[in-house]
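Peer 1: So that you have it, the file is query29.tsv, and it contains TSV, C-alpha atoms:
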chain	number	residue	atom	x	y	z
L	1	MET	CA	0.00	0.00	0.00
L	2	ASN	CA	2.23	2.80	-1.28
L	3	THR	CA	1.47	6.47	-1.58
L	4	THR	CA	3.46	9.46	-2.82
L	5	ARG	CA	5.24	11.97	-0.74
L	6	THR	CA	3.90	12.91	2.61
L	7	MET	CA	1.07	10.43	2.43
L	8	ASN	CA	3.64	7.83	3.03
L	9	THR	CA	2.30	8.57	6.35
L	10	LEU	CA	-0.86	6.65	5.74
L	11	ALA	CA	0.66	4.44	8.24
L	12	LEU	CA	0.47	6.30	11.43
L	13	ALA	CA	-0.70	9.60	12.21
L	14	ILE	CA	0.67	12.65	10.86
L	15	GLY	CA	2.13	14.39	8.82
L	16	LEU	CA	2.18	18.52	7.00
L	17	SER	CA	4.63	21.02	4.65
L	18	ALA	CA	7.14	23.10	4.31
L	19	CYS	CA	7.83	24.72	7.15
L	20	GLY	CA	4.34	23.55	7.26
L	21	GLY	CA	1.53	25.30	5.47
L	22	THR	CA	-1.90	26.74	5.27
L	23	THR	CA	-4.96	25.77	3.31
L	24	SER	CA	-4.04	27.55	0.09
L	25	GLN	CA	-2.46	25.71	-2.83
L	26	PRO	CA	1.36	25.51	-2.70
L	27	SER	CA	3.74	25.68	-5.55
L	28	SER	CA	6.21	23.11	-4.22
L	29	PRO	CA	7.21	20.32	-6.61
L	30	PRO	CA	5.81	16.85	-5.93
L	31	SER	CA	7.93	14.76	-3.63
L	32	THR	CA	9.58	11.60	-4.80
L	33	THR	CA	9.38	9.91	-1.45
L	34	THR	CA	7.14	6.90	-1.00
L	35	ALA	CA	6.25	4.86	2.04
L	36	SER	CA	4.23	1.81	2.90
L	37	ALA	CA	1.60	1.50	5.60
L	38	PRO	CA	2.61	-0.04	8.93
L	39	PRO	CA	1.92	-3.74	9.39
L	40	VAL	CA	-1.17	-4.68	11.38
L	41	PRO	CA	-0.50	-7.20	14.18
L	42	ALA	CA	-1.55	-10.67	12.99
L	43	ALA	CA	-3.51	-11.47	16.13
L	44	SER	CA	-5.38	-8.21	16.04
L	45	PRO	CA	-8.28	-6.95	13.87
L	46	PRO	CA	-7.12	-5.60	10.65
L	47	LYS	CA	5.64	18.09	4.56
L	48	ALA	CA	7.26	25.44	1.88
L	49	ALA	CA	6.96	25.74	-1.34
L	50	VAL	CA	5.06	28.91	-1.46
L	51	VAL	CA	3.35	31.19	-3.82
L	52	PRO	CA	5.33	34.32	-4.67
L	53	GLU	CA	5.89	36.47	-1.65
L	54	ALA	CA	6.68	33.55	0.61
L	55	ALA	CA	3.27	32.01	1.06
L	56	ALA	CA	3.19	28.93	3.26
L	57	PRO	CA	2.58	25.53	1.58
L	58	GLU	CA	-0.57	23.48	1.86
L	59	PRO	CA	-1.31	19.96	2.96
L	60	ALA	CA	-3.23	19.27	-0.23
L	61	ALA	CA	-0.12	19.63	-2.34
L	62	ALA	CA	2.08	17.82	0.12
L	63	ALA	CA	0.23	14.54	-0.03
L	64	SER	CA	-1.56	12.44	-2.60
L	65	LYS	CA	-4.91	10.75	-2.14
L	66	PRO	CA	-4.57	7.89	0.34
L	67	PRO	CA	-5.30	4.33	-0.75
L	68	ALA	CA	-8.74	2.89	-0.12
L	69	PRO	CA	-9.39	1.79	3.46
L	70	ALA	CA	-8.57	-1.82	4.30
L	71	GLY	CA	-10.37	-2.34	7.56
L	72	PRO	CA	-11.08	-0.35	10.73
L	73	LEU	CA	-7.44	0.07	11.76
L	74	ALA	CA	-6.44	1.33	8.33
L	75	GLN	CA	-9.30	3.81	8.43
L	76	LEU	CA	-8.22	4.97	11.88
L	77	MET	CA	-4.68	5.58	10.65
L	78	ARG	CA	-6.03	7.58	7.71
L	79	GLU	CA	-7.97	9.76	10.13
L	80	HIS	CA	-4.89	10.25	12.29
L	81	PHE	CA	-2.87	11.28	9.26
L	82	THR	CA	-5.42	13.86	8.20
L	83	GLN	CA	-5.79	15.31	11.68
L	84	ALA	CA	-2.04	15.53	12.26
L	85	GLU	CA	-1.52	17.23	8.89
L	86	VAL	CA	-4.10	19.90	9.69
L	87	ILE	CA	-2.47	20.47	13.08
L	88	ARG	CA	1.00	20.82	11.62
L	89	HIS	CA	-0.04	23.24	8.91
L	90	ALA	CA	-2.09	25.32	11.31
L	91	VAL	CA	0.90	25.73	13.59
L	92	VAL	CA	3.42	26.52	10.86
L	93	SER	CA	1.11	29.14	9.39
L	94	GLY	CA	0.87	30.88	12.77
L	95	LYS	CA	-2.74	29.86	13.44
L	96	PRO	CA	-2.60	27.57	16.50
L	97	ARG	CA	-6.31	28.09	17.13
L	98	ASP	CA	-6.98	26.21	13.89
L	99	ALA	CA	-5.18	23.22	15.42
L	100	VAL	CA	-7.51	22.91	18.41
L	101	GLN	CA	-10.33	20.95	16.77
L	102	PRO	CA	-8.14	18.47	14.89
L	103	ALA	CA	-6.08	17.98	18.07
L	104	LEU	CA	-9.28	17.24	19.97
L	105	ALA	CA	-10.28	14.72	17.29
L	106	LEU	CA	-6.82	13.15	17.21
L	107	GLY	CA	-6.90	12.69	20.97
L	108	GLY	CA	-10.24	10.91	20.99
L	109	THR	CA	-10.63	8.96	17.76
L	110	ALA	CA	-10.48	5.49	19.26
L	111	ASP	CA	-10.88	3.46	22.41
L	112	ILE	CA	-7.30	2.45	23.14
L	113	ALA	CA	-8.50	-0.66	24.96
L	114	ASN	CA	-9.87	-1.97	21.65
L	115	LEU	CA	-6.65	-1.41	19.72
L	116	PRO	CA	-3.82	-3.93	19.24
L	117	THR	CA	-1.82	-4.20	22.45
L	118	ALA	CA	1.41	-3.24	20.69
L	119	TRP	CA	-0.11	0.08	19.63
L	120	ARG	CA	-1.54	1.25	22.92
L	121	ALA	CA	1.48	2.92	24.55
L	122	SER	CA	2.25	4.96	21.44
L	123	LEU	CA	-1.40	5.90	20.98
L	124	GLU	CA	-1.51	7.11	24.56
L	125	ARG	CA	1.58	9.26	23.96
L	126	MET	CA	-0.03	10.62	20.82
L	127	ARG	CA	-3.15	11.55	22.78
L	128	THR	CA	-1.07	13.32	25.39
L	129	ALA	CA	0.75	15.30	22.69
L	130	ALA	CA	-2.53	16.18	21.00
L	131	SER	CA	-3.82	17.46	24.33
L	132	ARG	CA	-0.78	19.74	24.58
L	133	VAL	CA	-1.66	21.23	21.20
L	134	GLN	CA	-5.32	21.57	22.12
L	135	ASN	CA	-4.54	23.37	25.38
L	136	SER	CA	-1.48	25.33	24.27
L	137	SER	CA	-1.28	29.01	25.15
L	138	ASP	CA	1.28	30.02	22.52
L	139	LEU	CA	2.93	28.96	19.28
L	140	ALA	CA	5.98	27.45	20.96
L	141	GLU	CA	3.85	25.09	23.04
L	142	ALA	CA	1.70	24.13	20.07
L	143	ALA	CA	4.82	23.46	18.00
L	144	ALA	CA	6.29	21.27	20.73
L	145	GLY	CA	3.08	19.27	20.97
L	146	THR	CA	3.05	18.83	17.20
L	147	ALA	CA	6.60	17.50	17.20
L	148	ASP	CA	5.68	15.10	20.00
L	149	ILE	CA	2.80	13.76	17.90
L	150	GLY	CA	5.40	12.92	15.27
L	151	THR	CA	7.67	11.05	17.67
L	152	ALA	CA	4.72	9.16	19.18
L	153	CYS	CA	3.77	7.93	15.72
L	154	GLY	CA	7.40	7.19	14.95
L	155	GLY	CA	7.77	5.08	18.06
L	156	CYS	CA	4.86	2.87	17.02
L	157	HIS	CA	6.04	2.67	13.41
L	158	GLU	CA	9.51	1.65	14.51
L	159	SER	CA	8.23	-1.09	16.79
L	160	GLN	CA	5.89	-2.46	14.12
L	161	GLY	CA	8.28	-2.28	11.18
L	162	GLY	CA	6.80	0.44	9.03
L	163	PRO	CA	6.38	2.57	7.04
L	164	LYS	CA	9.45	2.78	4.83
L	165	VAL	CA	10.65	5.83	2.95
L	166	ASN	CA	12.85	6.52	-0.05
L	167	VAL	CA	14.30	10.02	0.07
L	168	GLY	CA	14.23	11.85	-3.24
L	169	GLN	CA	16.11	14.92	-4.47
L	170	ALA	CA	15.61	18.42	-3.13
L	171	PRO	CA	14.35	21.10	-5.55
L	172	ALA	CA	17.13	22.83	-7.43
L	173	VAL	CA	18.76	25.89	-5.91
L	174	GLY	CA	17.39	29.10	-7.40
L	175	ASN	CA	17.33	32.83	-6.82
L	176	SER	CA	13.56	33.37	-6.72
L	177	VAL	CA	11.44	33.47	-3.59
L	178	VAL	CA	9.41	30.52	-4.86
L	179	SER	CA	12.46	28.33	-5.51
L	180	ARG	CA	14.04	29.09	-2.16
L	181	MET	CA	10.88	28.45	-0.22
L	182	ALA	CA	10.29	25.27	-2.23
L	183	ARG	CA	13.57	23.98	-0.80
L	184	HIS	CA	12.50	24.98	2.70
L	185	SER	CA	9.23	23.15	2.19
L	186	TRP	CA	10.94	20.01	0.92
L	187	ALA	CA	13.46	20.05	3.75
L	188	MET	CA	10.82	20.49	6.46
L	189	GLU	CA	8.88	17.56	5.03
L	190	ARG	CA	12.00	15.40	5.26
L	191	LEU	CA	12.56	16.45	8.87
L	192	TRP	CA	8.97	15.55	9.64
L	193	GLU	CA	9.52	12.10	8.10
L	194	GLY	CA	12.59	11.86	10.29
L	195	LEU	CA	10.23	12.01	13.26
L	196	TYR	CA	7.18	10.02	12.27
L	197	VAL	CA	8.54	7.32	9.92
L	198	PRO	CA	11.09	7.52	11.64
L	199	SER	CA	13.91	7.92	9.11
L	200	SER	CA	17.41	9.17	9.80
L	201	ALA	CA	18.06	9.33	6.05
L	202	ALA	CA	15.11	11.68	5.59
L	203	TRP	CA	16.14	13.77	8.59
L	204	LYS	CA	19.70	14.17	7.33
L	205	ALA	CA	18.52	15.06	3.82
L	206	GLY	CA	16.27	17.75	5.24
L	207	ALA	CA	19.00	19.08	7.51
L	208	LYS	CA	21.46	19.31	4.61
L	209	THR	CA	19.00	21.16	2.39
L	210	LEU	CA	18.32	23.79	5.05
L	211	GLN	CA	21.96	24.85	5.15
L	212	GLY	CA	22.87	28.22	3.68
L	213	ASP	CA	21.05	31.54	3.48
L	214	PRO	CA	17.57	30.57	4.77
L	215	PHE	CA	15.44	33.52	3.69
L	216	PRO	CA	15.33	35.90	0.74
L	217	PRO	CA	16.11	39.45	1.95
L	218	GLU	CA	13.16	40.93	0.06
L	219	VAL	CA	10.79	38.80	2.15
L	220	LEU	CA	12.47	39.73	5.42
L	221	GLU	CA	12.25	43.43	4.61
L	222	ARG	CA	8.50	43.15	4.56
L	223	GLY	CA	8.45	41.42	7.95
L	224	GLY	CA	10.72	43.88	9.73
L	225	VAL	CA	12.44	43.02	12.98
L	226	TYR	CA	10.24	40.00	13.72
L	227	ALA	CA	10.98	38.38	10.38
L	228	ARG	CA	14.70	39.10	10.69
L	229	SER	CA	14.77	37.66	14.19
L	230	ALA	CA	12.90	34.54	13.07
L	231	ALA	CA	15.30	34.12	10.13
L	232	LYS	CA	18.28	34.38	12.47
L	233	ASP	CA	16.82	31.71	14.78
L	234	PHE	CA	15.92	29.52	11.81
L	235	LYS	CA	19.47	29.67	10.50
L	236	SER	CA	20.90	28.82	13.91
L	237	LEU	CA	18.58	25.84	14.37
L	238	SER	CA	19.17	24.61	10.83
L	239	ALA	CA	22.91	24.49	11.49
L	240	GLN	CA	22.27	22.15	14.43
L	241	ALA	CA	19.82	19.81	12.72
L	242	SER	CA	22.37	17.35	11.32
L	243	LEU	CA	23.84	16.89	14.81
L	244	LYS	CA	20.60	15.68	16.39
L	245	GLU	CA	20.43	11.90	16.70
L	246	THR	CA	17.74	11.00	19.24
L	247	PRO	CA	13.95	11.32	18.70
L	248	LYS	CA	13.74	13.67	21.68
L	249	ASP	CA	16.46	16.01	20.39
L	250	ARG	CA	15.09	15.96	16.86
L	251	ALA	CA	11.59	16.73	18.08
L	252	ALA	CA	12.84	19.70	20.09
L	253	LEU	CA	14.69	21.11	17.10
L	254	TYR	CA	11.77	20.52	14.74
L	255	ALA	CA	9.45	22.31	17.15
L	256	GLY	CA	11.83	25.25	17.18
L	257	LEU	CA	11.86	25.41	13.39
L	258	LEU	CA	8.06	25.28	13.25
L	259	GLY	CA	7.91	28.19	15.67
L	260	THR	CA	10.31	30.33	13.66
L	261	CYS	CA	8.42	29.58	10.43
L	262	ALA	CA	5.16	30.62	12.08
L	263	THR	CA	6.70	33.81	13.47
L	264	CYS	CA	7.99	34.80	10.05
L	265	HIS	CA	4.67	34.00	8.35
L	266	LEU	CA	2.89	36.20	10.86
L	267	ALA	CA	5.40	39.01	10.45
L	268	ILE	CA	5.12	39.16	6.68
L	269	GLY	CA	1.34	38.78	6.76
L	270	GLN	CA	1.28	35.34	5.18
L	271	SER	CA	-1.04	33.92	7.87
L	272	LYS	CA	-3.75	36.35	6.74
L	273	GLN	CA	-3.87	34.85	3.26
Can the structure from this file be put into structure tokens for me?
Peer 2:
Amino acid sequence: MNTTRTMNTLALAIGLSACGGTTSQPSSPPSTTTASAPPVPAASPPKAAVVPEAAAPEPAAAASKPPAPAGPLAQLMREHFTQAEVIRHAVVSGKPRDAVQPALALGGTADIANLPTAWRASLERMRTAASRVQNSSDLAEAAAGTADIGTACGGCHESQGGPKVNVGQAPAVGNSVVSRMARHSWAMERLWEGLYVPSSAAWKAGAKTLQGDPFPPEVLERGGVYARSAAKDFKSLSAQASLKETPKDRAALYAGLLGTCATCHLAIGQSKQ
């Protein structure tokens, strides 16, 4: 059961874009990464590419249509994926309030007692992380909860042997706002896969792509001091990404990147679009 790009997440719960994204259509190129759904225990029931002017990418462009459901557990995982994607894109676009309802749904989609035993601990961690997003008082807290959702899913995937991911090539380096932000989008998707697949290859590919001048100066001018400060923090965090090896350390860094993306989007007015 393979899907393109971010939907490789069909497996567990998550996912969404560039630094993340909003609900508008992105211009990022389709990803070449594919992943398979996590195995179901035998004894149990069966992502900124942006529009010109640094718009944040959207979940719709980050993932392809998921495969048809194959039983109640597969359907549950599809729901988790959708909810986690909405949460991630809401946070990265600087709209944590838009993450409240999907976080509430993600935290209460199933009776854990009725799930395969091997899934229960990770599902409980995912619920706890979703609660953090739901009850967060600021972007930093919402971003941290989002990253923890990724590691909770990754823990279950790792223990159950799936999904798998093949890292593709980053968009070519260019001088336009669109091309630069497309690389940011691609890289943030790979970091996200590093958490929820989990995949060190994807994480390292994303970390490598984020190196260099992170933001076009013409975009930062529009955002003033807040955008420049966010860009400085983003560059500092990006330089540390390749050094992070544990799920906990990677989650903390990813949360920091989400927060800086959101701050910049707010400063340049992208979150209003």
Peer 1: Just give me the residues with any atom within 10 Å of (11.3, 38.2, 0.7), file coordinates, counting only C-alpha atoms, written as a ChimeraX atom specification.
Peer 2: /L:52-54,176-178,180-181,215-223,227,268
Peer 1: Take the residues that were just selected and, keeping C-alpha atoms, output them as a PDB file, in the frame of the given file.
Peer 2:
ATOM      1  CA  PRO L  52       5.330  34.320  -4.670  1.00  0.00           C
ATOM      2  CA  GLU L  53       5.890  36.470  -1.650  1.00  0.00           C
ATOM      3  CA  ALA L  54       6.680  33.550   0.610  1.00  0.00           C
ATOM      4  CA  SER L 176      13.560  33.370  -6.720  1.00  0.00           C
ATOM      5  CA  VAL L 177      11.440  33.470  -3.590  1.00  0.00           C
ATOM      6  CA  VAL L 178       9.410  30.520  -4.860  1.00  0.00           C
ATOM      7  CA  ARG L 180      14.040  29.090  -2.160  1.00  0.00           C
ATOM      8  CA  MET L 181      10.880  28.450  -0.220  1.00  0.00           C
ATOM      9  CA  PHE L 215      15.440  33.520   3.690  1.00  0.00           C
ATOM     10  CA  PRO L 216      15.330  35.900   0.740  1.00  0.00           C
ATOM     11  CA  PRO L 217      16.110  39.450   1.950  1.00  0.00           C
ATOM     12  CA  GLU L 218      13.160  40.930   0.060  1.00  0.00           C
ATOM     13  CA  VAL L 219      10.790  38.800   2.150  1.00  0.00           C
ATOM     14  CA  LEU L 220      12.470  39.730   5.420  1.00  0.00           C
ATOM     15  CA  GLU L 221      12.250  43.430   4.610  1.00  0.00           C
ATOM     16  CA  ARG L 222       8.500  43.150   4.560  1.00  0.00           C
ATOM     17  CA  GLY L 223       8.450  41.420   7.950  1.00  0.00           C
ATOM     18  CA  ALA L 227      10.980  38.380  10.380  1.00  0.00           C
ATOM     19  CA  ILE L 268       5.120  39.160   6.680  1.00  0.00           C
TER      20      ILE L 268
END
Peer 1: Near Gln134 of chain L, counting all atoms listed in the file, which residues have an atom at most 10 Å away, once you skip same-chain residues fewer than 6 positions from it, shown as a list of chain:residue names?
Peer 2: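 My reading of the contact set: L:Ile87, L:Pro96, L:Arg97, L:Asp98, L:Ala99, L:Val100, L:Gln101, L:Pro102, L:Ala103, L:Leu104, L:Ala105, L:Leu106, L:Gly107, L:Thr128, L:Glu141, L:Ala142, L:Gly145.
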Peer 1: What is the atom CA of Val133 of chain L-atom CA of Leu253 of chain L distance in Å, reported with one decimal?
Peer 2: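 It comes out at 16.9 Å.
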Peer 1: Between L:Ala113, L:Thr209, L:Glu79, L:Gly108, which has the minimum distance to Ala129 of chain L (counting all atoms listed in the file)?
Peer 2: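 Checking each of L:Ala113, L:Thr209, L:Glu79, L:Gly108 against Ala129 of chain L, counting all atoms listed in the file, the winner is L:Gly108.
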Peer 1: Hey, what's within 10 Å of Ala143 of chain L if we count all atoms listed in the file and toss same-chain stuff fewer than 6 positions away? As a list in words, please?
Peer 2: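 With the cut-off at 10 Å, the set is Ile87, Arg88, Ala90, Val91, Val92, Gly94, Pro96, Arg132, Val133, Ser136, Ile149, Ala251, Ala252, Tyr254, Ala255, Gly256, Leu257, Leu258, Gly259, Thr260 and Ala262 of chain L.
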Peer 1: For the atom pair atom CA of Leu115 of chain L and atom CA of Val197 of chain L, what is the interatomic distance in Å to one decimal place?
Peer 2: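 Computing it gives 20.1 Å between the two atoms.
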Peer 1: In Å, how far is it from atom CA of Leu195 of chain L to atom CA of Lys164 of chain L?
Peer 2: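 So the two atoms, atom CA of Leu195 of chain L and atom CA of Lys164 of chain L, lie 12.5 Å apart.
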Peer 1: Go through L:Ala152, L:Ala140, L:Ala207, L:Ala121 and flag the residue nearest Ala84 of chain L, using only C-alpha atoms for the distances.
Peer 2: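 Between L:Ala152, L:Ala140, L:Ala207, L:Ala121, the residue approaching Ala84 of chain L most closely is L:Ala152.
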Peer 1: When you look at Glu193 of chain L with a cut-off of 7 Å (counting only C-alpha atoms), what residues show up, excluding the ones that are within fewer than 6 positions of it in the same chain? I need them as number ranges by chain.
Peer 2: L: 199, 202-203
